[in-house]
file entry-v2.txt (compact mmCIF, C-alpha atoms and all ligand atoms)
# COMPACT_ATOMS: atom_id res chain seq x y z
CA MET A 6 40.82 -40.43 -94.00
CA ILE A 7 41.69 -43.57 -95.96
CA LEU A 8 45.29 -44.62 -95.58
CA PHE A 9 46.91 -47.11 -97.98
CA ALA A 10 50.25 -48.00 -96.50
CA GLN A 11 50.64 -51.75 -96.56
CA SER A 12 54.06 -53.26 -96.93
CA PRO A 13 54.31 -54.85 -100.42
CA THR A 14 55.51 -58.12 -98.85
CA SER A 15 53.31 -58.43 -95.74
CA PRO A 16 51.68 -61.90 -95.57
CA PHE A 17 48.14 -60.56 -95.88
CA HIS A 18 46.78 -57.55 -97.73
CA LEU A 19 43.58 -55.59 -97.47
CA HIS A 20 41.90 -55.37 -100.88
CA THR A 21 39.11 -53.00 -101.71
CA VAL A 22 36.85 -55.04 -103.97
CA ARG A 23 33.45 -54.83 -105.63
CA VAL A 24 30.80 -57.43 -106.15
CA GLY A 25 31.23 -58.44 -109.79
CA ARG A 26 28.68 -61.25 -109.93
CA VAL A 27 26.13 -62.81 -107.58
CA THR A 28 25.20 -66.43 -108.35
CA ASP A 29 22.57 -68.32 -106.41
CA LEU A 30 24.16 -71.76 -106.39
CA SER A 31 21.55 -73.58 -104.31
CA PRO A 32 18.91 -72.87 -101.62
CA SER A 33 21.63 -72.15 -99.01
CA PHE A 34 24.64 -70.91 -101.00
CA ARG A 35 25.18 -67.62 -102.74
CA ARG A 36 28.45 -67.16 -104.62
CA PHE A 37 29.98 -63.69 -104.63
CA THR A 38 32.53 -63.10 -107.35
CA LEU A 39 34.60 -60.19 -106.12
CA THR A 40 36.78 -58.09 -108.38
CA GLY A 41 39.53 -55.65 -107.51
CA ASP A 42 42.51 -54.01 -109.22
CA ARG A 43 45.03 -55.59 -106.87
CA LEU A 44 43.59 -59.09 -106.79
CA ASP A 45 46.31 -60.11 -109.25
CA SER A 46 48.50 -60.34 -106.13
CA PHE A 47 46.04 -62.55 -104.23
CA ALA A 48 47.89 -65.80 -103.44
CA ASP A 49 46.13 -68.95 -104.61
CA ASN A 50 46.95 -71.35 -101.76
CA GLY A 51 43.81 -73.44 -102.20
CA PHE A 52 42.63 -75.90 -99.55
CA ASP A 53 40.85 -74.16 -96.65
CA GLN A 54 42.54 -70.77 -97.04
CA ARG A 55 40.63 -68.44 -94.79
CA ILE A 56 40.07 -64.79 -95.51
CA LYS A 57 38.26 -61.94 -93.78
CA LEU A 58 35.40 -59.98 -95.25
CA ILE A 59 35.19 -56.45 -93.89
CA LEU A 60 31.68 -55.20 -94.44
CA PRO A 61 30.28 -51.69 -94.96
CA ILE A 62 28.40 -49.99 -92.15
CA GLU A 63 25.42 -47.69 -92.30
CA ARG A 64 26.19 -44.04 -93.05
CA HIS A 65 29.99 -44.55 -93.19
CA GLY A 66 30.34 -47.46 -95.62
CA LEU A 67 34.04 -48.35 -95.50
CA SER A 68 35.34 -44.81 -94.96
CA THR A 69 36.37 -45.29 -91.33
CA MET A 70 38.28 -48.53 -91.93
CA PRO A 71 42.05 -48.17 -91.39
CA ARG A 72 44.08 -49.67 -94.26
CA THR A 73 47.62 -49.72 -92.98
CA ASP A 74 49.65 -52.74 -91.81
CA ASP A 75 48.57 -51.99 -88.23
CA TRP A 76 44.91 -51.77 -89.27
CA TYR A 77 43.73 -54.29 -86.69
CA ALA A 78 45.00 -52.33 -83.66
CA LEU A 79 43.56 -49.13 -85.14
CA TRP A 80 40.24 -50.84 -85.93
CA ARG A 81 39.95 -52.06 -82.34
CA GLU A 82 40.37 -48.51 -81.07
CA LEU A 83 37.50 -47.18 -83.20
CA PRO A 84 34.19 -46.39 -81.52
CA GLN A 85 31.68 -49.19 -82.08
CA GLU A 86 29.62 -47.16 -84.57
CA HIS A 87 32.69 -46.67 -86.80
CA ARG A 88 33.92 -50.25 -86.62
CA ASN A 89 33.19 -52.29 -89.75
CA PRO A 90 32.13 -55.87 -88.97
CA ILE A 91 34.73 -58.49 -89.84
CA ARG A 92 33.69 -62.07 -90.65
CA THR A 93 35.75 -65.11 -91.62
CA TYR A 94 35.20 -67.00 -94.89
CA THR A 95 36.98 -69.44 -97.18
CA VAL A 96 38.17 -68.34 -100.57
CA ARG A 97 36.51 -70.85 -102.88
CA GLU A 98 38.46 -69.96 -106.00
CA VAL A 99 41.15 -67.48 -106.96
CA ARG A 100 41.51 -66.26 -110.56
CA ALA A 101 44.35 -63.82 -110.05
CA GLU A 102 44.84 -63.35 -113.80
CA LEU A 103 41.26 -62.03 -114.01
CA ARG A 104 41.59 -60.16 -110.69
CA GLU A 105 38.68 -62.19 -109.31
CA ILE A 106 37.95 -64.39 -106.32
CA ASP A 107 34.84 -66.41 -105.42
CA VAL A 108 33.42 -66.66 -101.92
CA ASP A 109 30.49 -69.03 -101.26
CA VAL A 110 28.37 -67.59 -98.48
CA VAL A 111 25.69 -69.51 -96.57
CA VAL A 112 22.66 -67.26 -96.48
CA HIS A 113 21.46 -68.26 -93.02
CA PRO A 114 18.21 -67.03 -91.53
CA VAL A 115 19.69 -65.63 -88.30
CA ASP A 116 20.58 -61.94 -88.27
CA GLY A 117 24.27 -61.21 -88.55
CA PRO A 118 26.18 -58.56 -90.51
CA ALA A 119 27.46 -61.07 -93.07
CA SER A 120 24.12 -62.84 -93.58
CA ALA A 121 22.37 -59.46 -93.90
CA TRP A 122 25.00 -58.27 -96.37
CA ALA A 123 24.74 -61.48 -98.40
CA GLU A 124 20.95 -61.12 -98.60
CA SER A 125 21.08 -57.61 -100.01
CA ALA A 126 24.43 -57.13 -101.78
CA VAL A 127 24.25 -56.28 -105.46
CA ILE A 128 26.75 -55.90 -108.30
CA GLY A 129 29.01 -52.91 -107.69
CA ASP A 130 28.77 -52.96 -103.88
CA GLU A 131 32.10 -52.36 -102.19
CA LEU A 132 33.72 -54.30 -99.37
CA ILE A 133 37.23 -55.10 -98.16
CA VAL A 134 38.87 -58.52 -98.26
CA LEU A 135 41.88 -59.47 -96.17
CA GLY A 136 43.68 -62.14 -98.17
CA PRO A 137 47.11 -63.76 -98.61
CA ASN A 138 49.67 -61.75 -100.55
CA ALA A 139 51.41 -63.55 -103.44
CA HIS A 140 54.47 -61.29 -103.00
CA HIS A 141 55.11 -62.62 -99.50
CA ASP A 142 57.91 -65.22 -99.46
CA GLY A 143 57.03 -67.25 -96.36
CA VAL A 144 53.99 -69.17 -95.19
CA HIS A 145 50.92 -66.93 -95.20
CA GLY A 146 48.99 -68.76 -92.50
CA GLY A 147 45.27 -69.35 -92.65
CA VAL A 148 45.51 -72.80 -94.27
CA ASP A 149 44.64 -75.29 -91.54
CA PHE A 150 44.43 -78.42 -93.67
CA LEU A 151 47.88 -79.81 -92.88
CA PRO A 152 47.79 -83.57 -93.44
CA PRO A 153 50.93 -85.62 -92.84
CA PRO A 154 52.54 -86.15 -96.28
CA HIS A 155 52.09 -89.92 -95.82
CA ALA A 156 48.59 -90.01 -94.32
CA GLU A 157 46.99 -93.30 -95.40
CA ARG A 158 43.45 -91.91 -95.32
CA ILE A 159 41.82 -88.53 -94.85
CA LEU A 160 38.49 -87.78 -93.20
CA LEU A 161 36.87 -84.43 -93.99
CA ALA A 162 33.69 -83.60 -92.10
CA GLY A 163 31.65 -80.50 -91.44
CA ASP A 164 28.46 -78.52 -91.90
CA GLU A 165 27.48 -76.11 -94.67
CA THR A 166 29.97 -73.45 -93.54
CA ALA A 167 32.76 -75.98 -94.10
CA LEU A 168 31.50 -77.09 -97.52
CA PRO A 169 33.47 -74.45 -99.49
CA ALA A 170 36.66 -75.53 -97.69
CA ILE A 171 35.98 -79.26 -98.11
CA ALA A 172 35.22 -78.82 -101.82
CA ALA A 173 38.39 -76.74 -102.30
CA ILE A 174 40.46 -79.33 -100.39
CA LEU A 175 39.14 -82.17 -102.58
CA GLU A 176 39.97 -80.17 -105.70
CA ARG A 177 43.58 -79.67 -104.61
CA LEU A 178 44.32 -83.15 -103.32
CA PRO A 179 46.36 -85.38 -105.62
CA ALA A 180 44.51 -88.21 -107.41
CA GLU A 181 46.20 -90.86 -105.24
CA ALA A 182 44.79 -89.40 -101.98
CA SER A 183 41.97 -91.40 -100.46
CA GLY A 184 39.39 -91.03 -97.76
CA HIS A 185 35.85 -89.98 -96.93
CA ALA A 186 34.20 -86.54 -97.01
CA ILE A 187 30.94 -85.98 -95.15
CA VAL A 188 29.02 -82.70 -95.19
CA GLU A 189 25.68 -81.94 -93.54
CA VAL A 190 23.79 -79.19 -95.39
CA PRO A 191 20.38 -77.59 -94.85
CA HIS A 192 18.77 -78.77 -98.12
CA SER A 193 19.24 -81.72 -100.50
CA ASP A 194 19.69 -79.29 -103.44
CA ASP A 195 22.79 -77.88 -101.72
CA ALA A 196 24.60 -81.02 -102.89
CA VAL A 197 25.32 -79.28 -106.23
CA CYS A 198 27.94 -77.19 -104.41
CA MET A 199 29.98 -80.25 -103.48
CA THR A 200 32.68 -81.74 -105.60
CA SER A 201 34.02 -85.27 -106.10
CA HIS A 202 37.44 -86.90 -105.95
CA PRO A 203 38.38 -90.28 -107.43
CA GLY A 204 39.82 -91.56 -104.13
CA PHE A 205 37.07 -90.29 -101.85
CA THR A 206 33.65 -91.43 -100.81
CA VAL A 207 31.63 -88.21 -100.70
CA GLU A 208 28.42 -87.98 -98.66
CA VAL A 209 26.21 -84.90 -98.62
CA LEU A 210 23.51 -85.25 -95.98
CA ALA A 211 20.42 -83.03 -96.12
CA ARG A 212 19.47 -81.91 -92.62
CA ASP A 213 15.99 -80.70 -93.58
CA HIS A 214 14.31 -79.99 -90.24
CA ARG A 215 16.52 -82.15 -88.07
CA ALA A 216 18.79 -80.78 -85.36
CA ARG A 217 22.32 -79.74 -86.35
CA GLY A 218 24.69 -82.68 -86.30
CA GLU A 219 21.92 -85.25 -86.13
CA LEU A 220 23.08 -86.76 -89.43
CA LEU A 221 26.73 -85.70 -89.40
CA VAL A 222 27.69 -87.24 -86.05
CA PRO A 223 26.47 -90.81 -86.76
CA ALA A 224 27.85 -90.64 -90.31
CA VAL A 225 31.32 -89.79 -88.98
CA GLN A 226 30.98 -92.44 -86.28
CA ALA A 227 30.22 -95.00 -88.99
CA ALA A 228 32.96 -93.90 -91.39
CA ALA A 229 35.93 -93.37 -89.06
CA PRO A 230 36.42 -96.99 -87.85
CA ASN A 231 36.42 -98.19 -91.47
CA LEU A 232 39.04 -95.63 -92.42
CA LEU A 233 41.20 -96.79 -89.51
CA ARG A 234 40.80 -100.41 -90.45
CA SER A 235 43.18 -100.13 -93.37
CA GLU A 236 46.08 -102.52 -93.59
CA GLY A 237 49.00 -101.74 -91.30
CA THR A 238 47.06 -99.40 -89.07
CA ALA A 239 48.64 -99.30 -85.65
CA THR A 240 46.48 -99.84 -82.60
CA THR A 241 45.90 -96.48 -81.06
CA GLN A 242 45.49 -95.45 -77.44
CA ARG A 243 42.45 -93.61 -76.23
CA ALA A 244 43.46 -90.09 -75.13
CA GLU A 245 41.93 -88.09 -72.31
CA LEU A 246 40.77 -84.73 -73.63
CA SER A 247 40.57 -81.58 -71.60
CA ASP A 248 37.05 -80.27 -71.99
CA VAL A 249 36.50 -77.13 -74.05
CA ASP A 250 33.55 -74.99 -73.00
CA VAL A 251 32.52 -73.76 -76.43
CA ASP A 252 30.48 -70.94 -74.87
CA VAL A 253 33.59 -69.31 -73.45
CA GLU A 254 36.55 -70.71 -75.34
CA MET A 255 37.29 -71.07 -78.99
CA LEU A 256 37.15 -74.64 -80.24
CA TRP A 257 40.20 -74.65 -82.46
CA GLU A 258 43.12 -77.06 -82.55
CA VAL A 259 45.24 -77.39 -85.63
CA PRO A 260 48.28 -79.61 -85.13
CA SER A 261 51.32 -78.19 -86.91
CA ASP A 262 55.11 -78.10 -86.59
CA ASP A 263 57.05 -74.97 -85.62
CA HIS A 264 57.13 -73.77 -89.23
CA GLY A 265 53.40 -74.07 -89.88
CA GLY A 266 53.76 -77.44 -91.64
CA PRO A 267 52.15 -80.80 -90.77
CA ALA A 268 52.70 -82.00 -87.20
CA GLN A 269 53.55 -85.53 -88.38
CA GLN A 270 55.11 -87.21 -91.40
CA ASP A 271 52.73 -90.17 -91.49
CA ALA A 272 49.52 -91.31 -89.89
CA PRO A 273 46.92 -93.99 -90.56
CA LEU A 274 44.20 -91.34 -90.58
CA TYR A 275 44.18 -87.55 -90.69
CA ALA A 276 40.86 -85.92 -89.79
CA TRP A 277 39.80 -82.34 -90.54
CA LEU A 278 36.57 -81.24 -88.86
CA ALA A 279 34.89 -77.83 -89.09
CA GLY A 280 31.48 -76.33 -88.47
CA GLU A 281 29.24 -75.39 -85.56
CA ALA A 282 31.41 -75.61 -82.44
CA GLY A 283 29.10 -77.82 -80.33
CA VAL A 284 28.80 -80.42 -83.09
CA ILE A 285 32.54 -80.35 -83.84
CA LYS A 286 33.29 -80.87 -80.14
CA THR A 287 31.16 -84.04 -80.20
CA LEU A 288 33.01 -85.32 -83.27
CA ARG A 289 36.42 -84.58 -81.83
CA ARG A 290 35.54 -86.42 -78.61
CA HIS A 291 34.43 -89.42 -80.59
CA LEU A 292 37.57 -89.57 -82.74
CA VAL A 293 40.14 -88.85 -80.04
CA SER A 294 38.62 -90.19 -76.80
CA GLU A 295 36.55 -93.06 -78.12
CA LEU A 296 38.43 -94.25 -81.21
CA GLY A 297 41.85 -93.30 -79.87
CA ILE A 298 43.02 -91.39 -82.96
CA ASP A 299 46.21 -89.48 -82.18
CA ARG A 300 45.18 -85.86 -81.55
CA LYS A 301 48.20 -84.76 -83.63
CA SER A 302 46.22 -86.20 -86.57
CA VAL A 303 42.97 -84.37 -85.85
CA ALA A 304 42.37 -80.73 -86.82
CA PHE A 305 39.12 -79.40 -85.46
CA MET A 306 37.72 -75.93 -85.90
CA GLY A 307 34.60 -74.34 -84.48
CA TYR A 308 33.75 -72.17 -87.50
CA TRP A 309 30.81 -70.59 -85.69
CA ARG A 310 28.80 -71.01 -82.50
CA LEU A 311 25.05 -71.36 -82.29
CA GLY A 312 23.59 -68.23 -80.66
CA ARG A 313 26.90 -66.31 -80.71
CA ALA A 314 28.13 -63.69 -83.16
CA GLU A 315 31.68 -64.00 -84.48
CA GLY A 316 34.19 -62.09 -82.37
C1 LIG B 1 37.95 -70.34 -91.03
C2 LIG B 1 36.47 -70.12 -91.31
C3 LIG B 1 35.99 -70.28 -92.60
C4 LIG B 1 34.62 -70.08 -92.87
N1 LIG B 1 34.18 -70.22 -94.16
C5 LIG B 1 32.89 -69.98 -94.46
C6 LIG B 1 32.43 -70.03 -95.81
O1 LIG B 1 33.20 -70.23 -96.74
N2 LIG B 1 31.09 -69.81 -96.03
C7 LIG B 1 30.23 -69.54 -95.00
O2 LIG B 1 29.02 -69.32 -95.27
N3 LIG B 1 30.65 -69.45 -93.73
C8 LIG B 1 31.95 -69.66 -93.43
N4 LIG B 1 32.39 -69.55 -92.13
C9 LIG B 1 31.40 -69.31 -91.08
C10 LIG B 1 31.04 -67.82 -90.93
O3 LIG B 1 32.18 -67.09 -90.58
C11 LIG B 1 30.00 -67.70 -89.79
O4 LIG B 1 28.82 -68.36 -90.15
C12 LIG B 1 29.72 -66.25 -89.41
O5 LIG B 1 29.27 -66.25 -88.09
C13 LIG B 1 28.68 -65.56 -90.27
O6 LIG B 1 28.60 -64.21 -89.85
P1 LIG B 1 27.23 -63.44 -89.65
O7 LIG B 1 27.57 -62.00 -89.59
O8 LIG B 1 26.25 -63.90 -90.66
O9 LIG B 1 26.71 -63.95 -88.24
P2 LIG B 1 27.26 -63.54 -86.78
O10 LIG B 1 27.09 -62.08 -86.53
O11 LIG B 1 28.64 -64.08 -86.60
O12 LIG B 1 26.25 -64.35 -85.87
C14 LIG B 1 24.90 -63.91 -85.70
C15 LIG B 1 24.02 -65.10 -85.37
O13 LIG B 1 23.99 -65.94 -86.51
C16 LIG B 1 24.28 -67.28 -86.12
N5 LIG B 1 24.97 -67.93 -87.26
C17 LIG B 1 26.20 -67.68 -87.75
N6 LIG B 1 26.45 -68.47 -88.81
C18 LIG B 1 25.36 -69.24 -88.99
C19 LIG B 1 25.00 -70.26 -89.92
N7 LIG B 1 25.85 -70.63 -90.92
N8 LIG B 1 23.77 -70.82 -89.82
C20 LIG B 1 22.90 -70.46 -88.84
N9 LIG B 1 23.18 -69.50 -87.93
C21 LIG B 1 24.40 -68.90 -88.01
C22 LIG B 1 25.17 -67.16 -84.88
O14 LIG B 1 25.06 -68.32 -84.07
C23 LIG B 1 24.57 -65.94 -84.21
O15 LIG B 1 23.47 -66.31 -83.42
C24 LIG B 1 33.74 -69.74 -91.83
C25 LIG B 1 34.23 -69.55 -90.53
C26 LIG B 1 35.59 -69.74 -90.27
C27 LIG B 1 36.09 -69.52 -88.87
call {"tool": "encode", "arguments": {"input": "entry-v2.txt", "output": "C-alpha cells", "more": "lines below"}}
Ligand SMILES: Cc1cc2nc3c(=O)[nH]c(=O)nc-3n(C[C@H](O)[C@H](O)[C@H](O)COP(=O)(O)OP(=O)(O)OC[C@H]3O[C@@H](n4cnc5c(N)ncnc54)[C@H](O)[C@@H]3O)c2cc1C
result
Amino acid sequence: MILFAQSPTSPFHLHTVRVGRVTDLSPSFRRFTLTGDRLDSFADNGFDQRIKLILPIERHGLSTMPRTDDWYALWRELPQEHRNPIRTYTVREVRAELREIDVDVVVHPVDGPASAWAESAVIGDELIVLGPNAHHDGVHGGVDFLPPPHAERILLAGDETALPAIAAILERLPAEASGHAIVEVPHSDDAVCMTSHPGFTVEVLARDHRARGELLVPAVQAAAPNLLRSEGTATTQRAELSDVDVDVEMLWEVPSDDHGGPAQQDAPLYAWLAGEAGVIKTLRRHLVSELGIDRKSVAFMGYWRLGRAEG
C-alpha cells in the first residue's frame, strides 16, 4: 500500500519523480533531469544541498516504499528484499517553476544500485527523491557549506563526486568571494562539468590511470599555504587530531553553530573538502595538523568509501 501522509511543512519531502531527460555531459557524468508534479515546492537552497535518491527494486519497483513522515523508521523495518536502496546526491539545479531538478551522477564502473540505475535509466523511469521543502520555515539541513560571513579566502577541494557541489557553490557565491577550487576527475573531458568564478582559481585535474588523490593531495598542499598567506592572516597553531578510522567510522565534520549557521564570523581561510573518505582524511590532516588551520574553519566530508557501499 502506498501512503502519502507527509506534513505540508516538514523540512524534507519525498517526491515521486520521473526521468525527464538524460544528458551525457562528459565521459564520467550523466545528468538526470527529474520531473514531478510537486517539485514546485522543492526548495532551491543551492550550494551543496544534499538529497536522497530512492531507487526502484526488482519485481516491486517503488511499491513497498513507505511515504509518510516516519518513512525512515518504516523503511528500516522492511525485509531486505522490499527495501529500496537509498543513495545520497547533490541537487545540481532546481527549476521549481518548471517542476524540474538536475542531478549529475558519476557513472562509476563498480557495481552499486545507483551506478547500475544510472547506466540503464531511461526517460519515464520512476524514482523517489527526498528533498528540502520550500514550505518549511526553518533551516532544512543538508547544506554543509557554511563559511564564516567574513572568510578572507575559501578553498574547495574534492573528487568527481564533489564536482556537482563545488560547481553549485561557485555559482552561488557572491562576485567578491575569492579562493581556489580544485577537483580531481577521472578524465580530462570531465572538465566541461566545472564552472568558473571571477574570484577563484579553478583547477580540474584529470586522474587518468593514477591512484585516487595522487593529483588532488599535492595540489591542495600547494594551494593552501598561498591562501593563508594573505595580508593580516593570524599565525595559527597546529592542532592534534583524533584519528578517524574511515573503515569503521564516518568521516564527516561540519563546523556549525547551534542554529545550523557558520561556526565562526570570520576566518583567514575556510576549507570545504569532500570525496573518497581516505583521500579526504589525508587532506584534513594536512590542513589542520600540518598547516594549523583552525578546525572550526574546515568542513570535511567522506562522500563515499572505496570498497564500501553507502549505508
Ligand atoms: C552529501 C553527498 C553528496 C553526493 N553527491 C554526489 C553527486 O552529486 N554525484 C555523484 O555521482 N555522487 C555523489 N555522492 C557520492 C555517491 O553517494 C556515492 O558515490 C554512492 O556510493 C554511489 O552509490 P552506488 O549505489 O553507485 O554505490 P554503493 O552501493 O554505495 O557502493 C558500491 C561500490 O561502489 C564504490 N563506489 C561508490 N561510489 C564510487 C565512485 N564515485 N567511483 C568509484 N567507485 C565508487 C564503493 O566503494 C563500493 O565498492 C555524494 C555523496 C554524499 C554523501
call {"tool": "residues_near_ligand", "arguments": {"input": "entry-v2.txt", "ligand": "ligand LIG 1 (chain B)", "cutoff": "6 Å", "atoms": "all atoms listed in the file", "output": "list in words"}}
result
Arg55, Arg92, Thr93, Tyr94, Thr95, Asp109, Val110, Val111, His113, Val115, Asp116, Gly117, Pro118, Ala119, Ser120, Thr166, Ala167, Pro169, Tyr308, Trp309, Arg310, Leu311, Gly312, Arg313, Ala314 and Glu315 of chain A
call {"tool": "closest_residue", "arguments": {"input": "entry-v2.txt", "among": "A:Val293, A:Ala48, A:Ala216, A:Val207", "to": "Leu246 (chain A)", "atoms": "all atoms listed in the file"}}
result
A:Val293
call {"tool": "residues_around", "arguments": {"input": "entry-v2.txt", "residues": "Trp76 (chain A)", "least_positions_apart": "4", "cutoff": "10 Å", "atoms": "all atoms listed in the file", "output": "list in words"}}
result
Leu8, Ala10, Gln11, Leu19, Met70, Pro71, Arg72, Trp80, Arg81 and Glu82 of chain A
call {"tool": "closest_residue", "arguments": {"input": "entry-v2.txt", "among": "A:Arg300, A:Thr73, A:Ser294, A:Leu278", "to": "Ser12 (chain A)", "atoms": "all atoms listed in the file"}}
result
A:Thr73
call {"tool": "residues_around", "arguments": {"input": "entry-v2.txt", "residues": "region 27-32 of chain A", "least_positions_apart": "3", "cutoff": "8 Å", "atoms": "all atoms listed in the file", "output": "mmCIF file with C-alpha atoms, in the frame of the given file"}}
result
data_model
loop_
_atom_site.group_PDB
_atom_site.id
_atom_site.type_symbol
_atom_site.label_atom_id
_atom_site.label_comp_id
_atom_site.auth_asym_id
_atom_site.auth_seq_id
_atom_site.Cartn_x
_atom_site.Cartn_y
_atom_site.Cartn_z
ATOM 1 C CA VAL A 24 30.800 -57.430 -106.150
ATOM 2 C CA ARG A 35 25.180 -67.620 -102.740
ATOM 3 C CA ARG A 36 28.450 -67.160 -104.620
ATOM 4 C CA PHE A 37 29.980 -63.690 -104.630
ATOM 5 C CA THR A 38 32.530 -63.100 -107.350
ATOM 6 C CA VAL A 127 24.250 -56.280 -105.460
ATOM 7 C CA ILE A 128 26.750 -55.900 -108.300
ATOM 8 C CA HIS A 192 18.770 -78.770 -98.120
ATOM 9 C CA ASP A 194 19.690 -79.290 -103.440
ATOM 10 C CA ASP A 195 22.790 -77.880 -101.720
ATOM 11 C CA VAL A 197 25.320 -79.280 -106.230
ATOM 12 C CA CYS A 198 27.940 -77.190 -104.410
#
call {"tool": "residues_around", "arguments": {"input": "entry-v2.txt", "residues": "Tyr275 (chain A)", "least_positions_apart": "3", "cutoff": "12 Å", "atoms": "only C-alpha atoms", "output": "PyMOL selection string"}}
result
chain A and resi 150-162+182-186+229+232-233+259-260+267-272+278+292-293+298-305
call {"tool": "atom_distance", "arguments": {"input": "entry-v2.txt", "atom1": "CA of Leu178 (chain A)", "atom2": "CA of Val99 (chain A)"}}
result
16.4 Å
call {"tool": "atom_distance", "arguments": {"input": "entry-v2.txt", "atom1": "CA of Gln85 (chain A)", "atom2": "CA of Ser68 (chain A)"}}
result
14.1 Å
call {"tool": "decode", "arguments": {"input": "entry-v2.txt", "residues": "region 143-162 of chain A", "atoms": "N, CA and C atoms", "output": "PDB file, in the first residue's frame"}}
result
ATOM      1  N   GLY A 143      11.935  26.868   8.752  1.00  0.00           N
ATOM      2  CA  GLY A 143      13.272  26.904   9.360  1.00  0.00           C
ATOM      3  C   GLY A 143      14.358  26.427   8.408  1.00  0.00           C
ATOM      4  N   VAL A 144      15.518  26.137   8.996  1.00  0.00           N
ATOM      5  CA  VAL A 144      16.644  25.618   8.211  1.00  0.00           C
ATOM      6  C   VAL A 144      16.326  24.171   7.832  1.00  0.00           C
ATOM      7  N   HIS A 145      16.527  23.834   6.566  1.00  0.00           N
ATOM      8  CA  HIS A 145      16.220  22.470   6.134  1.00  0.00           C
ATOM      9  C   HIS A 145      17.253  21.471   6.624  1.00  0.00           C
ATOM     10  N   GLY A 146      18.514  21.907   6.648  1.00  0.00           N
ATOM     11  CA  GLY A 146      19.616  20.966   6.858  1.00  0.00           C
ATOM     12  C   GLY A 146      20.056  20.428   5.506  1.00  0.00           C
ATOM     13  N   GLY A 147      21.221  19.782   5.504  1.00  0.00           N
ATOM     14  CA  GLY A 147      21.709  19.192   4.262  1.00  0.00           C
ATOM     15  C   GLY A 147      22.537  20.140   3.415  1.00  0.00           C
ATOM     16  N   VAL A 148      22.756  21.389   3.895  1.00  0.00           N
ATOM     17  CA  VAL A 148      23.726  22.278   3.256  1.00  0.00           C
ATOM     18  C   VAL A 148      24.897  22.372   4.224  1.00  0.00           C
ATOM     19  N   ASP A 149      26.037  21.851   3.823  1.00  0.00           N
ATOM     20  CA  ASP A 149      27.189  21.776   4.722  1.00  0.00           C
ATOM     21  C   ASP A 149      28.259  22.802   4.400  1.00  0.00           C
ATOM     22  N   PHE A 150      28.047  23.568   3.356  1.00  0.00           N
ATOM     23  CA  PHE A 150      28.951  24.675   3.036  1.00  0.00           C
ATOM     24  C   PHE A 150      28.507  25.862   3.881  1.00  0.00           C
ATOM     25  N   LEU A 151      29.221  26.089   4.982  1.00  0.00           N
ATOM     26  CA  LEU A 151      28.825  27.120   5.942  1.00  0.00           C
ATOM     27  C   LEU A 151      30.020  28.027   6.241  1.00  0.00           C
ATOM     28  N   PRO A 152      30.474  28.797   5.265  1.00  0.00           N
ATOM     29  CA  PRO A 152      31.658  29.619   5.507  1.00  0.00           C
ATOM     30  C   PRO A 152      31.358  30.760   6.464  1.00  0.00           C
ATOM     31  N   PRO A 153      32.334  31.176   7.261  1.00  0.00           N
ATOM     32  CA  PRO A 153      32.130  32.381   8.069  1.00  0.00           C
ATOM     33  C   PRO A 153      31.790  33.535   7.125  1.00  0.00           C
ATOM     34  N   PRO A 154      30.861  34.412   7.502  1.00  0.00           N
ATOM     35  CA  PRO A 154      30.477  35.505   6.596  1.00  0.00           C
ATOM     36  C   PRO A 154      31.670  36.355   6.171  1.00  0.00           C
ATOM     37  N   HIS A 155      32.711  36.422   7.032  1.00  0.00           N
ATOM     38  CA  HIS A 155      33.878  37.241   6.676  1.00  0.00           C
ATOM     39  C   HIS A 155      35.114  36.372   6.432  1.00  0.00           C
ATOM     40  N   ALA A 156      34.943  35.242   5.802  1.00  0.00           N
ATOM     41  CA  ALA A 156      36.114  34.419   5.450  1.00  0.00           C
ATOM     42  C   ALA A 156      36.908  35.179   4.385  1.00  0.00           C
ATOM     43  N   GLU A 157      38.238  35.291   4.602  1.00  0.00           N
ATOM     44  CA  GLU A 157      39.039  36.027   3.605  1.00  0.00           C
ATOM     45  C   GLU A 157      39.177  35.235   2.313  1.00  0.00           C
ATOM     46  N   ARG A 158      39.370  33.923   2.450  1.00  0.00           N
ATOM     47  CA  ARG A 158      39.557  33.060   1.283  1.00  0.00           C
ATOM     48  C   ARG A 158      38.797  31.758   1.508  1.00  0.00           C
ATOM     49  N   ILE A 159      38.464  31.104   0.414  1.00  0.00           N
ATOM     50  CA  ILE A 159      37.761  29.819   0.504  1.00  0.00           C
ATOM     51  C   ILE A 159      38.520  28.798  -0.328  1.00  0.00           C
ATOM     52  N   LEU A 160      38.710  27.614   0.237  1.00  0.00           N
ATOM     53  CA  LEU A 160      39.311  26.505  -0.503  1.00  0.00           C
ATOM     54  C   LEU A 160      38.245  25.426  -0.669  1.00  0.00           C
ATOM     55  N   LEU A 161      37.990  25.047  -1.915  1.00  0.00           N
ATOM     56  CA  LEU A 161      37.039  23.967  -2.209  1.00  0.00           C
ATOM     57  C   LEU A 161      37.841  22.850  -2.869  1.00  0.00           C
ATOM     58  N   ALA A 162      37.753  21.642  -2.342  1.00  0.00           N
ATOM     59  CA  ALA A 162      38.546  20.572  -2.944  1.00  0.00           C
ATOM     60  C   ALA A 162      37.787  19.260  -2.852  1.00  0.00           C
TER      61      ALA A 162
END
